[in-house]
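Below: run_13.txt (compact mmCIF, C-alpha atoms and all ligand atoms)
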```txt
# COMPACT_ATOMS: atom_id res chain seq x y z
CA MET A 1 77.04 33.54 -2.82
CA GLU A 2 77.63 30.41 -0.67
CA ALA A 3 77.62 31.11 3.06
CA ARG A 4 77.68 28.94 6.15
CA LEU A 5 77.56 30.57 9.57
CA TYR A 6 78.86 28.77 12.67
CA VAL A 7 77.19 29.84 15.91
CA ILE A 8 76.52 28.89 19.51
CA PRO A 9 72.75 29.11 20.11
CA ALA A 10 71.75 32.44 21.68
CA SER A 11 75.34 33.75 21.49
CA HIS A 12 74.97 37.53 21.13
CA PRO A 13 77.77 38.11 18.57
CA SER A 14 76.40 35.14 16.61
CA ILE A 15 72.96 36.77 16.53
CA CYS A 16 74.65 40.03 15.50
CA THR A 17 76.12 38.27 12.46
CA ALA A 18 72.86 36.56 11.52
CA LEU A 19 71.12 39.97 11.63
CA MET A 20 73.77 41.50 9.35
CA LEU A 21 73.40 38.66 6.83
CA ASP A 22 69.64 39.21 6.85
CA HIS A 23 70.17 42.97 6.43
CA LYS A 24 72.31 42.30 3.35
CA GLY A 25 69.81 39.76 2.02
CA ILE A 26 72.50 37.08 1.93
CA ALA A 27 71.05 33.58 2.25
CA TYR A 28 73.11 31.28 4.46
CA LYS A 29 73.13 27.92 6.17
CA ARG A 30 73.71 27.76 9.91
CA THR A 31 75.60 25.22 11.99
CA ASP A 32 74.84 25.27 15.72
CA LEU A 33 77.72 24.29 17.99
CA LEU A 34 77.73 23.49 21.69
CA PRO A 35 79.82 25.85 23.83
CA VAL A 36 83.31 24.50 24.62
CA ILE A 37 82.93 21.78 21.95
CA SER A 38 82.79 24.71 19.52
CA LYS A 39 86.48 25.46 20.11
CA GLY A 40 87.71 22.12 18.73
CA ALA A 41 85.07 22.11 16.00
CA LEU A 42 86.20 25.52 14.73
CA ARG A 43 89.84 24.40 14.66
CA ALA A 44 88.85 21.24 12.77
CA LEU A 45 86.98 23.42 10.28
CA GLY A 46 90.15 25.38 9.63
CA PHE A 47 89.35 28.60 11.51
CA PRO A 48 92.33 30.20 13.23
CA ARG A 49 90.53 31.30 16.42
CA LYS A 50 88.27 29.52 18.91
CA THR A 51 85.20 31.72 19.00
CA VAL A 52 81.91 32.10 17.18
CA PRO A 53 80.66 33.77 15.08
CA ALA A 54 82.66 32.22 12.26
CA ILE A 55 81.63 32.14 8.64
CA LYS A 56 82.67 30.49 5.42
CA ILE A 57 81.60 32.85 2.67
CA ASP A 58 82.58 32.86 -0.98
CA GLY A 59 85.35 30.38 -0.16
CA GLN A 60 86.81 32.59 2.63
CA ARG A 61 86.89 31.88 6.36
CA VAL A 62 86.17 34.94 8.48
CA GLN A 63 85.84 35.08 12.27
CA GLY A 64 84.71 37.76 14.70
CA SER A 65 81.57 39.87 14.48
CA ARG A 66 83.40 43.06 13.47
CA GLU A 67 85.61 41.34 10.89
CA ILE A 68 82.54 39.67 9.41
CA ALA A 69 80.71 43.03 9.22
CA ARG A 70 83.52 44.42 7.07
CA GLU A 71 83.69 41.36 4.84
CA LEU A 72 79.92 41.48 4.26
CA GLU A 73 80.18 45.19 3.41
CA ARG A 74 82.94 44.41 0.91
CA LEU A 75 81.10 41.49 -0.70
CA ARG A 76 77.71 43.21 -0.87
CA PRO A 77 77.86 46.98 -0.33
CA GLU A 78 74.09 47.54 -0.44
CA PRO A 79 72.25 48.07 1.82
CA PRO A 80 75.20 49.46 3.78
CA LEU A 81 76.18 48.60 7.35
CA PHE A 82 78.21 51.81 7.73
CA PRO A 83 77.31 55.39 6.82
CA ALA A 84 79.10 56.90 3.80
CA ASP A 85 79.87 60.16 5.61
CA PRO A 86 83.32 59.73 7.29
CA GLU A 87 82.37 61.46 10.56
CA LYS A 88 79.18 59.43 10.92
CA ARG A 89 81.07 56.27 10.05
CA ALA A 90 83.66 56.98 12.75
CA ALA A 91 80.88 57.38 15.34
CA VAL A 92 79.25 54.10 14.28
CA GLU A 93 82.62 52.33 14.41
CA GLU A 94 83.29 53.68 17.90
CA ALA A 95 79.90 52.41 19.14
CA GLU A 96 80.45 49.09 17.38
CA ARG A 97 83.89 48.68 19.03
CA PHE A 98 82.38 49.51 22.43
CA GLY A 99 79.71 46.84 21.82
CA ASP A 100 82.33 44.24 20.98
CA GLU A 101 85.03 45.13 23.50
CA GLN A 102 83.12 46.50 26.49
CA LEU A 103 79.49 45.40 26.41
CA GLN A 104 79.57 41.79 25.16
CA HIS A 105 81.71 40.26 27.85
CA PRO A 106 80.02 41.40 31.09
CA ILE A 107 76.69 40.19 29.70
CA ARG A 108 78.32 36.84 28.84
CA GLN A 109 79.68 36.59 32.38
CA LEU A 110 76.29 37.44 33.94
CA LEU A 111 74.61 34.75 31.85
CA TRP A 112 77.14 31.99 32.63
CA TRP A 113 77.16 32.86 36.35
CA SER A 114 73.35 32.56 36.42
CA ILE A 115 73.22 29.33 34.38
CA LYS A 116 75.89 27.81 36.58
CA LYS A 117 73.68 28.46 39.62
CA ASP A 118 70.59 27.01 37.92
CA LYS A 119 70.95 24.99 34.73
CA ALA A 120 67.22 24.60 34.09
CA PRO A 121 66.91 27.78 31.96
CA LEU A 122 69.65 26.59 29.58
CA ARG A 123 67.13 24.69 27.45
CA SER A 124 65.27 27.92 26.67
CA TYR A 125 68.44 29.35 25.08
CA SER A 126 68.63 26.43 22.65
CA GLU A 127 65.15 27.02 21.21
CA GLY A 128 65.16 26.22 17.50
CA ALA A 129 68.79 25.04 17.54
CA LYS A 130 69.99 21.89 15.79
CA LEU A 131 72.65 20.62 18.16
CA GLY A 132 73.29 17.28 16.47
CA VAL A 133 72.11 15.46 19.61
CA PRO A 134 68.59 15.29 21.09
CA ILE A 135 67.94 18.33 23.28
CA ASP A 136 67.17 16.16 26.35
CA LEU A 137 70.53 14.44 26.04
CA ALA A 138 72.32 17.76 25.52
CA MET A 139 70.70 19.13 28.68
CA MET A 140 71.51 16.02 30.73
CA THR A 141 75.18 16.32 29.83
CA ALA A 142 75.35 20.11 30.13
CA ALA A 143 76.89 20.38 33.63
CA PRO A 144 80.57 20.14 32.59
CA ILE A 145 80.00 22.47 29.65
CA VAL A 146 78.36 25.04 31.90
CA ALA A 147 81.13 24.74 34.51
CA LEU A 148 83.85 25.13 31.87
CA SER A 149 82.07 28.01 30.16
CA ALA A 150 81.76 29.84 33.47
CA ARG A 151 85.47 29.18 34.13
CA PHE A 152 86.71 30.17 30.63
CA ASN A 153 84.67 33.36 30.82
CA GLU A 154 85.88 34.14 34.35
CA ALA A 155 82.27 34.38 35.50
CA GLY A 156 82.98 34.23 39.23
CA ASP A 157 81.34 36.22 42.02
CA ASP A 158 83.81 39.11 42.06
CA ASN A 159 83.67 39.76 38.33
CA VAL A 160 79.91 39.47 38.22
CA ARG A 161 79.51 41.93 41.09
CA ARG A 162 81.80 44.32 39.23
CA ASP A 163 79.80 43.78 36.03
CA LEU A 164 76.57 44.69 37.79
CA ALA A 165 78.12 47.82 39.28
CA ALA A 166 79.38 48.86 35.83
CA LEU A 167 76.21 48.04 33.91
CA PRO A 168 74.36 51.36 34.50
CA ALA A 169 77.23 53.29 32.88
CA LEU A 170 77.33 50.91 29.92
CA LEU A 171 73.57 51.26 29.39
CA GLN A 172 73.89 55.04 29.66
CA ARG A 173 76.46 55.07 26.84
CA VAL A 174 74.02 53.18 24.63
CA ASP A 175 71.20 55.59 25.54
CA ASP A 176 73.49 58.54 24.75
CA TRP A 177 74.37 57.14 21.30
CA ILE A 178 70.68 56.66 20.62
CA ALA A 179 69.97 60.27 21.64
CA ALA A 180 72.81 61.43 19.36
CA GLY A 181 71.34 59.53 16.40
CA VAL A 182 74.31 57.15 16.11
CA LEU A 183 72.12 54.18 17.07
CA ASN A 184 68.48 53.29 16.41
CA GLY A 185 68.15 55.59 13.39
CA GLU A 186 65.88 54.97 10.44
CA GLN A 187 68.52 52.74 8.82
CA LEU A 188 70.07 50.22 11.21
CA ASN A 189 73.86 50.03 11.08
CA ALA A 190 76.67 47.69 12.18
CA ALA A 191 76.70 49.19 15.70
CA ASP A 192 72.95 48.61 16.12
CA PHE A 193 73.45 44.99 15.08
CA GLN A 194 76.42 44.67 17.45
CA ILE A 195 74.86 46.28 20.52
CA ALA A 196 71.18 45.26 20.35
CA PRO A 197 71.89 41.51 20.80
CA SER A 198 73.94 42.18 23.96
CA ILE A 199 71.08 44.22 25.39
CA GLY A 200 68.62 41.56 24.21
CA LEU A 201 70.61 38.82 25.94
CA ALA A 202 70.79 40.90 29.14
CA MET A 203 66.99 41.25 29.02
CA THR A 204 66.56 37.46 29.02
CA LEU A 205 67.71 37.66 32.67
CA ASP A 206 64.66 38.50 34.77
CA ASP A 207 67.02 40.15 37.25
CA LEU A 208 68.14 42.70 34.65
CA ARG A 209 65.10 43.24 32.43
CA PRO A 210 63.27 45.75 34.69
CA ALA A 211 66.28 48.06 34.66
CA ILE A 212 66.60 47.92 30.87
CA GLU A 213 63.28 47.49 29.11
CA GLY A 214 61.91 50.99 29.71
CA ARG A 215 64.99 52.86 28.55
CA PRO A 216 66.15 53.68 25.01
CA ALA A 217 68.67 50.80 25.02
CA GLY A 218 65.80 48.41 25.76
CA GLU A 219 63.71 49.90 22.97
CA LEU A 220 66.60 49.32 20.56
CA ALA A 221 66.82 45.67 21.56
CA LYS A 222 63.07 45.19 21.26
CA ARG A 223 63.18 46.66 17.75
CA VAL A 224 66.20 44.72 16.48
CA VAL A 225 65.86 41.38 18.34
CA PRO A 226 62.24 41.17 19.47
CA ASN A 227 62.36 37.40 20.00
CA TYR A 228 65.72 36.85 21.68
CA PRO A 229 65.80 33.20 22.79
CA GLY A 230 66.10 32.36 26.47
CA LYS A 231 64.70 33.27 29.87
CA THR A 232 66.38 33.09 33.25
CA PRO A 233 64.26 33.61 36.39
CA PRO A 234 65.67 35.78 39.21
CA ILE A 235 68.85 34.28 40.66
CA LEU A 236 71.34 37.07 41.35
CA PRO A 237 71.69 38.18 45.00
CA PRO A 238 69.51 41.29 45.51
CA ALA A 239 72.40 43.14 47.19
CA TRP A 240 74.49 42.79 44.01
CA LEU A 241 71.63 44.25 41.96
CA GLN A 242 71.45 47.37 44.12
CA PRO A 243 73.50 49.63 41.78
CA LEU A 244 71.12 48.78 38.94
CA ARG A 245 67.98 49.16 41.05
CA SER A 246 68.93 52.56 42.52
CA GLU A 247 69.71 53.78 39.01
CA THR A 248 66.26 52.68 37.76
CA ALA A 249 64.54 54.26 40.78
CA ALA A 250 66.38 57.55 40.19
CA ALA A 251 65.45 57.67 36.47
N1 LIG B 1 84.19 39.65 20.51
C1 LIG B 1 84.10 38.44 19.76
C2 LIG B 1 83.59 37.45 20.76
C3 LIG B 1 83.45 36.07 20.34
C4 LIG B 1 83.12 35.18 21.53
O1 LIG B 1 83.71 35.30 22.62
N2 LIG B 1 82.19 34.25 21.31
C5 LIG B 1 81.81 33.30 22.35
C6 LIG B 1 80.31 33.05 22.31
S1 LIG B 1 79.39 34.51 22.71
C7 LIG B 1 82.50 31.97 22.10
O2 LIG B 1 82.71 31.55 20.99
N3 LIG B 1 82.85 31.28 23.20
C8 LIG B 1 83.42 29.97 23.14
C9 LIG B 1 82.72 29.03 24.07
O3 LIG B 1 81.71 29.42 24.68
O4 LIG B 1 83.15 27.90 24.18
C10 LIG B 1 83.16 38.64 18.55
O5 LIG B 1 82.35 39.56 18.57
O6 LIG B 1 83.27 37.87 17.58
```

What do you get writing this file as structure tokens?
Amino acid sequence: MEARLYVIPASHPSICTALMLDHKGIAYKRTDLLPVISKGALRALGFPRKTVPAIKIDGQRVQGSREIARELERLRPEPPLFPADPEKRAAVEEAERFGDEQLQHPIRQLLWWSIKKDKAPLRSYSEGAKLGVPIDLAMMTAAPIVALSARFNEAGDDNVRRDLAALPALLQRVDDWIAAGVLNGEQLNAADFQIAPSIGLAMTLDDLRPAIEGRPAGELAKRVVPNYPGKTPPILPPAWLQPLRSETAAA
């Protein structure tokens, strides 16, 4: 089976897809794209949408972490990404949808807000990536890419403050699914692969890690993505972090 995966380094849905390919034992080649530039590159490669992950597999182009999960399941059913039991499958699909539609984006906004404030940590997110240009050059020219990424992702102060206020409830939903056995079971499933990278990316932010690492959601991320690339030192205003800190203190 011929497969080429298109990613942005450290992108959480991209890491989700790489984990699912590994789970299926499907060998693949990877092309690393720079954010923003990725949009035009994907169009030129014949993909209909502008986001990674995108994959060419068995002659097909498939885009979107959830779409790719289903295509991988169709092409190679074993080991499965979804439980056979319909009720269990519905629960996994609900958690997976939550991961895609509700958890991914606030984490993306928090990261771009932080990197816009201090670009130095960006290099750590490109560890091991082949960007097609020397890393020093990529970092020297990163300012417009960071500014545009923050803008495209609407990572302004108001949204980021809202994200931080909403984060405890999002983490609680993940903890609840773990307690219910939907996530972090013996066999990892599509929802584990969807959610763990978002939690892993959040934990690369020193501001967020203390509120996450000791809870079940943090344990899931440490199991599934123990070496998530990237590290951002504290940068968020302490007052904005208050909802998260009071939650951790209360726990
Ligand atoms: N929910 C989609 C999200 C895809 C998405 O937004 N990907 C981001 C990277 S995390 C992207 O391609 N952004 C374009 C850019 O940064 O220029 C999925 O899971 O596939």

Within 10 Å of Leu42 (chain A), counting only C-alpha atoms, which residues show up once you throw out same-chain ones fewer than 6 positions away? Write them as a PyMOL selection string, please.
-> chain A and resi 6+33+48-54+63

Write out as a PDB file with C-alpha atoms, keeping the file's coordinate frame each polymer residue (protein, DNA or RNA) that has an atom no more than 6 Å from ligand LIG 1 (chain B), with all atoms listed in the file counted.
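Resulting contents of pocket-v1.pdb:
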```pdb
ATOM      1  CA  SER A  11      75.340  33.750  21.490  1.00  0.00           C
ATOM      2  CA  HIS A  12      74.970  37.530  21.130  1.00  0.00           C
ATOM      3  CA  PRO A  13      77.770  38.110  18.570  1.00  0.00           C
ATOM      4  CA  PRO A  35      79.820  25.850  23.830  1.00  0.00           C
ATOM      5  CA  VAL A  36      83.310  24.500  24.620  1.00  0.00           C
ATOM      6  CA  SER A  38      82.790  24.710  19.520  1.00  0.00           C
ATOM      7  CA  LYS A  39      86.480  25.460  20.110  1.00  0.00           C
ATOM      8  CA  THR A  51      85.200  31.720  19.000  1.00  0.00           C
ATOM      9  CA  VAL A  52      81.910  32.100  17.180  1.00  0.00           C
ATOM     10  CA  PRO A  53      80.660  33.770  15.080  1.00  0.00           C
ATOM     11  CA  GLY A  64      84.710  37.760  14.700  1.00  0.00           C
ATOM     12  CA  SER A  65      81.570  39.870  14.480  1.00  0.00           C
ATOM     13  CA  ASP A 100      82.330  44.240  20.980  1.00  0.00           C
ATOM     14  CA  SER A 149      82.070  28.010  30.160  1.00  0.00           C
TER      15      SER A 149
END
```

Contact table region 26-118 of chain A vs region 229-238 of chain A, cut-off 10 Å, shortest pair per residue, only C-alpha atoms, as a tab-separated table:
```
residue	atom	partner	partner_atom	distance
A:Leu110	CA	A:Leu236	CA	8.9
A:Leu111	CA	A:Thr232	CA	8.5
A:Trp113	CA	A:Leu236	CA	8.8
A:Ser114	CA	A:Ile235	CA	6.4
A:Ile115	CA	A:Thr232	CA	7.9
A:Lys117	CA	A:Ile235	CA	7.6
A:Asp118	CA	A:Ile235	CA	8.0
```

Kindly extract all protein, DNA and RNA residues lying within 10 Å of the coordinates (82.1, 40.2, 4.3) given in the file, considering all atoms listed in the file, and supply them as a ChimeraX atom specification.
-> /A:20-21,55-58,60-62,66-77

Residue nearest Glu93 (chain A) - candidates A:Asp192, A:Asp22, A:Glu127, A:Asp175, atoms counted: all atoms listed in the file = A:Asp192

Find, counting all atoms listed in the file, the residue in A:Met203, A:Ala155, A:Leu122, A:Val7 that gets nearest to Thr141 (chain A).
-> A:Leu122

Residue contacts of region 217-225 of chain A (10 Å, only C-alpha atoms) excluding same-chain residues fewer than 2 positions away, as a VMD selection string | chain A and resid 15 to 16 19 170 to 178 183 to 185 188 192 to 193 195 to 203 209 to 215 227 to 229

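Among the candidates A:Thr248, A:Pro86, A:Gln194, A:Ala143, the one nearest to Ala18 (chain A) when counting all atoms listed in the file is A:Gln194.
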
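Taking CA of Glu186 (chain A) and CA of Pro216 (chain A) as endpoints, the distance between them is 14.6 Å.
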
Just how far from CA of Thr31 (chain A) is CA of Ala129 (chain A), in Å to one decimal?
-> 8.8 Å

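One distance worth recording is that between CA of Ala44 (chain A) and CA of Glu154 (chain A), which is 25.3 Å.
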
Taking every listed atom of region 158-176 of chain A and adding 6 Å to each side, what centre and edge lengths in Å (one decimal) does the axis-aligned box have, as JSON?
```
{"center_x": 77.5, "center_y": 48.8, "center_z": 33.3, "size_x": 24.6, "size_y": 31.4, "size_z": 29.4}
```

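Restricting the calculation to only C-alpha atoms, the smallest distance between Val146 (chain A) and any of A:Lys119, A:Arg161, A:Lys130, A:Lys88 is found for A:Lys119.
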
In terms of the shortest atom-to-atom distance over all atoms listed in the file, which of A:Ala179, A:Ala239, A:Leu5, A:Ile107 is closest to Asn159 (chain A)?
-> A:Ile107

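Nearest residue to Asp157 (chain A), choosing from A:Trp112, A:Arg123, A:Ala180, A:Pro226 and counting only C-alpha atoms: A:Trp112.
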